[in-house]
Amino acid sequence: MKKPNSSEDRLKEALSQMPKIHDHQDKDVLFQRISSKRRQVQGRQKKKRVAIMPVLASVMALGLVLILVPLILNEGVLQQNAGEEKANHALDRAKTSKEESGSRETDQESGMSKDSAEKEITGETYSQLDKVPESLVIHSKDTERPIVHGAVADLQRQYVIPLTLVVPAAVDKNDFLNKLGQYVQEDRWGTSNYVFNNTSFQLDETNQQVVADFPDTFPIAEQGSNGPYMLERLLTSMFRPYQVEKVVFTEKITIGKIGTVKELPLRHRKMVYKSYQSDEGNRSFLIEVPMNEQADFTAAITEMKKDEKGFHVSGTVPEAADLSVTVEGEELRISFDTEEPVPHGQELVTMIDAILMTAKNFGYEQVFFPNAGQEQAGPYDLTKPINVPRGANPISPSS
């Protein structure tokens with residue numbers, strides 16, 4: 001026996017030495033047994049495959065869900081973030097556009113405002129800026145010439161508007177007193193009519209009286225309860241500056257509830273001065289407003305701040321002005337005790353006019369404004385006391 005040289009040869013040799021076994025089973029029977037066993041094995045394998053498939057499907061589905069859901073969620077988040085980013089971007093664009101538009105509008109408005117301002121500060125405006133504030137009184141230093149006092153009522157006949165006319169020194173004041181109506185321009189001024197056109201006056205300063213020749217009919221004397229009062233106030237405003245104490249009538253006259261009288265006393269009454277200008281008027285006036293006889297000058301200042309729009313009357317002291325009043329003999333001192341700016345220009349001049357006329361009515365001769373914050377206001381030197389005026393509302397044939 002030769003030596004085996006490989007595992008295959010050794011295997012063949014080992015098999016050849018095994019005992020021989022003979023199968024005496026019928027071949028057909030054996031074939032049927034083998035076929036039956038094969039079918040059973042195939043059935044079990046099929047059942048196992050059938051049972052495993054749903055599990056695999058479920059696992060695969062779950063796997064797909066686990067895989068897809070994050071993707072979907074991430075996509076949704078991305079889309080949401082993209083949407084928010086788009087919205088924010090759109091908002092930023094809109095905001096930027098609005099700011100640019102607002103900036104352009106502001107620039108345009110600034111340009112328009114500047115243009116408007118430049119247009120406004122031309123012509124008449126420059127004239128107004130250069131215009132010296134107008135005083136509504138006749139100052140003691142202005143003239144030593146004689147003056148004639150007149151008076152008219154406002155449109156509603158509630159208050160008296162004093163008038164002052166400077167006349168030549170060589171003439172008789174009575175001549176101008178009796179033609180005063182020629183210088184009154186009611187239509188242009190927006191006042192009531194001058195009621196003494198047909199009345200003759202003869203001023204007698206020596207005896208402190210005026211002789212008046214009234215016409216047979218004198219309507220104002222019969223105009224209700226206010227007519228007699230207004231008549232007395234007009235005569236007082238015209239003649240009390242001459243220290244006249246009464247009007248003597250050449251003939252008895254019936255004056256409403258006062259009755260038929262031969263003379264009418266003219267009583268001094270405390271007055272403050274405010275500003276009057278009607279819608280129809282082309283100029284403003286200082287107007288007399290009665291005060292309580294016990295009122296002091298502090299109360300007068302308070303009253304001078306009040307407007308009466310229904311009568312076209314405005315206060316002559318600004319509401320914000322906090323003024324303190326002290327008296328030194330016949331001099332009145334008016335101090336500004338306020339952080340608000342002191343009035344200036346026309347407003348300041350009109351305030352000084354009104355305070356001076358009110359001070360004159362209260363019996364003072366000078367007024368000093370120690371802390372006005374400026375040395376000059378219109379015709380007024382504010383560094384020293386100011387004499388009270390000679391009269392209010394100067395008029396002339398060309399007024």
# chains A, B, ... in the order shown; residues from 1 in each chain; ligands from 1

call {"tool": "select_by_dssp", "arguments": {"residues": "region 237-315 of chain A", "states": "helix (DSSP H, G or I)", "output": "VMD selection string"}}
result
chain A and resid 237 to 242 256 to 258 297 to 303 309 to 311

call {"tool": "residues_around", "arguments": {"residues": "Gly310 (chain A)", "least_positions_apart": "5", "cutoff": "12 Å", "atoms": "only C-alpha atoms", "output": "JSON, numbers by chain"}}
result
{"A": [154, 155, 156, 158, 276, 277, 278, 279]}

call {"tool": "residues_around", "arguments": {"residues": "Ile161 (chain A)", "least_positions_apart": "5", "cutoff": "8 Å", "atoms": "only C-alpha atoms", "output": "list in words"}}
result
Ala151, Val152, Ala153, Asp154, Phe285, Leu286, Ile287 and Glu288 of chain A

call {"tool": "atom_distance", "arguments": {"atom1": "CA of Val160 (chain A)", "atom2": "CA of Glu330 (chain A)"}}
result
26.5 Å

call {"tool": "residues_around", "arguments": {"residues": "Glu365 (chain A)", "least_positions_apart": "5", "cutoff": "7 Å", "atoms": "only C-alpha atoms", "output": "compact mmCIF listing (two decimals) with N, CA and C atoms, in the first residue's frame"}}
result
# COMPACT_ATOMS: atom_id res chain seq x y z
N GLU A 330 -45.45 158.71 45.33
CA GLU A 330 -46.30 158.74 44.13
C GLU A 330 -45.70 157.94 42.98
N GLU A 331 -44.67 157.14 43.34
CA GLU A 331 -44.06 156.29 42.33
C GLU A 331 -44.48 154.84 42.54
N LYS A 360 -52.05 156.22 36.22
CA LYS A 360 -52.56 157.60 36.23
C LYS A 360 -53.96 157.65 36.81
N ASN A 387 -42.85 158.88 33.50
CA ASN A 387 -44.01 159.71 33.83
C ASN A 387 -45.27 159.12 33.20
N VAL A 388 -46.39 159.27 33.89
CA VAL A 388 -47.65 158.78 33.33
C VAL A 388 -48.01 159.63 32.11

call {"tool": "residues_around", "arguments": {"residues": "Leu332 (chain A)", "least_positions_apart": "3", "cutoff": "8 Å", "atoms": "only C-alpha atoms", "output": "list in words"}}
result
Val325, Thr326, Val327, Glu328, Gly329, Ala359, Tyr364, Gln366, Val367 and Phe368 of chain A

call {"tool": "write_last_selection", "arguments": {"atoms": "N, CA and C atoms", "output": "tab-separated table (two decimals), in the first residue's frame"}}
result
chain	number	residue	atom	x	y	z
A	325	VAL	N	-45.97	144.47	43.02
A	325	VAL	CA	-46.23	145.92	43.06
A	325	VAL	C	-45.78	146.47	44.41
A	326	THR	N	-44.98	147.51	44.36
A	326	THR	CA	-44.62	148.26	45.57
A	326	THR	C	-44.82	149.74	45.29
A	327	VAL	N	-45.07	150.49	46.33
A	327	VAL	CA	-45.36	151.92	46.20
A	327	VAL	C	-44.35	152.71	47.02
A	328	GLU	N	-43.76	153.71	46.40
A	328	GLU	CA	-42.87	154.64	47.09
A	328	GLU	C	-43.36	156.05	46.79
A	329	GLY	N	-44.14	156.58	47.71
A	329	GLY	CA	-44.74	157.91	47.50
A	329	GLY	C	-45.71	157.88	46.33
A	359	ALA	N	-52.09	153.42	36.12
A	359	ALA	CA	-51.44	154.10	37.25
A	359	ALA	C	-51.91	155.55	37.35
A	364	TYR	N	-51.17	157.80	40.56
A	364	TYR	CA	-49.71	157.79	40.58
A	364	TYR	C	-49.17	158.68	39.46
A	366	GLN	N	-45.60	158.41	38.46
A	366	GLN	CA	-44.49	157.72	37.80
A	366	GLN	C	-44.58	156.21	38.03
A	367	VAL	N	-44.03	155.49	37.07
A	367	VAL	CA	-43.95	154.03	37.19
A	367	VAL	C	-42.53	153.62	36.81
A	368	PHE	N	-41.95	152.72	37.63
A	368	PHE	CA	-40.59	152.25	37.37
A	368	PHE	C	-40.61	150.72	37.23
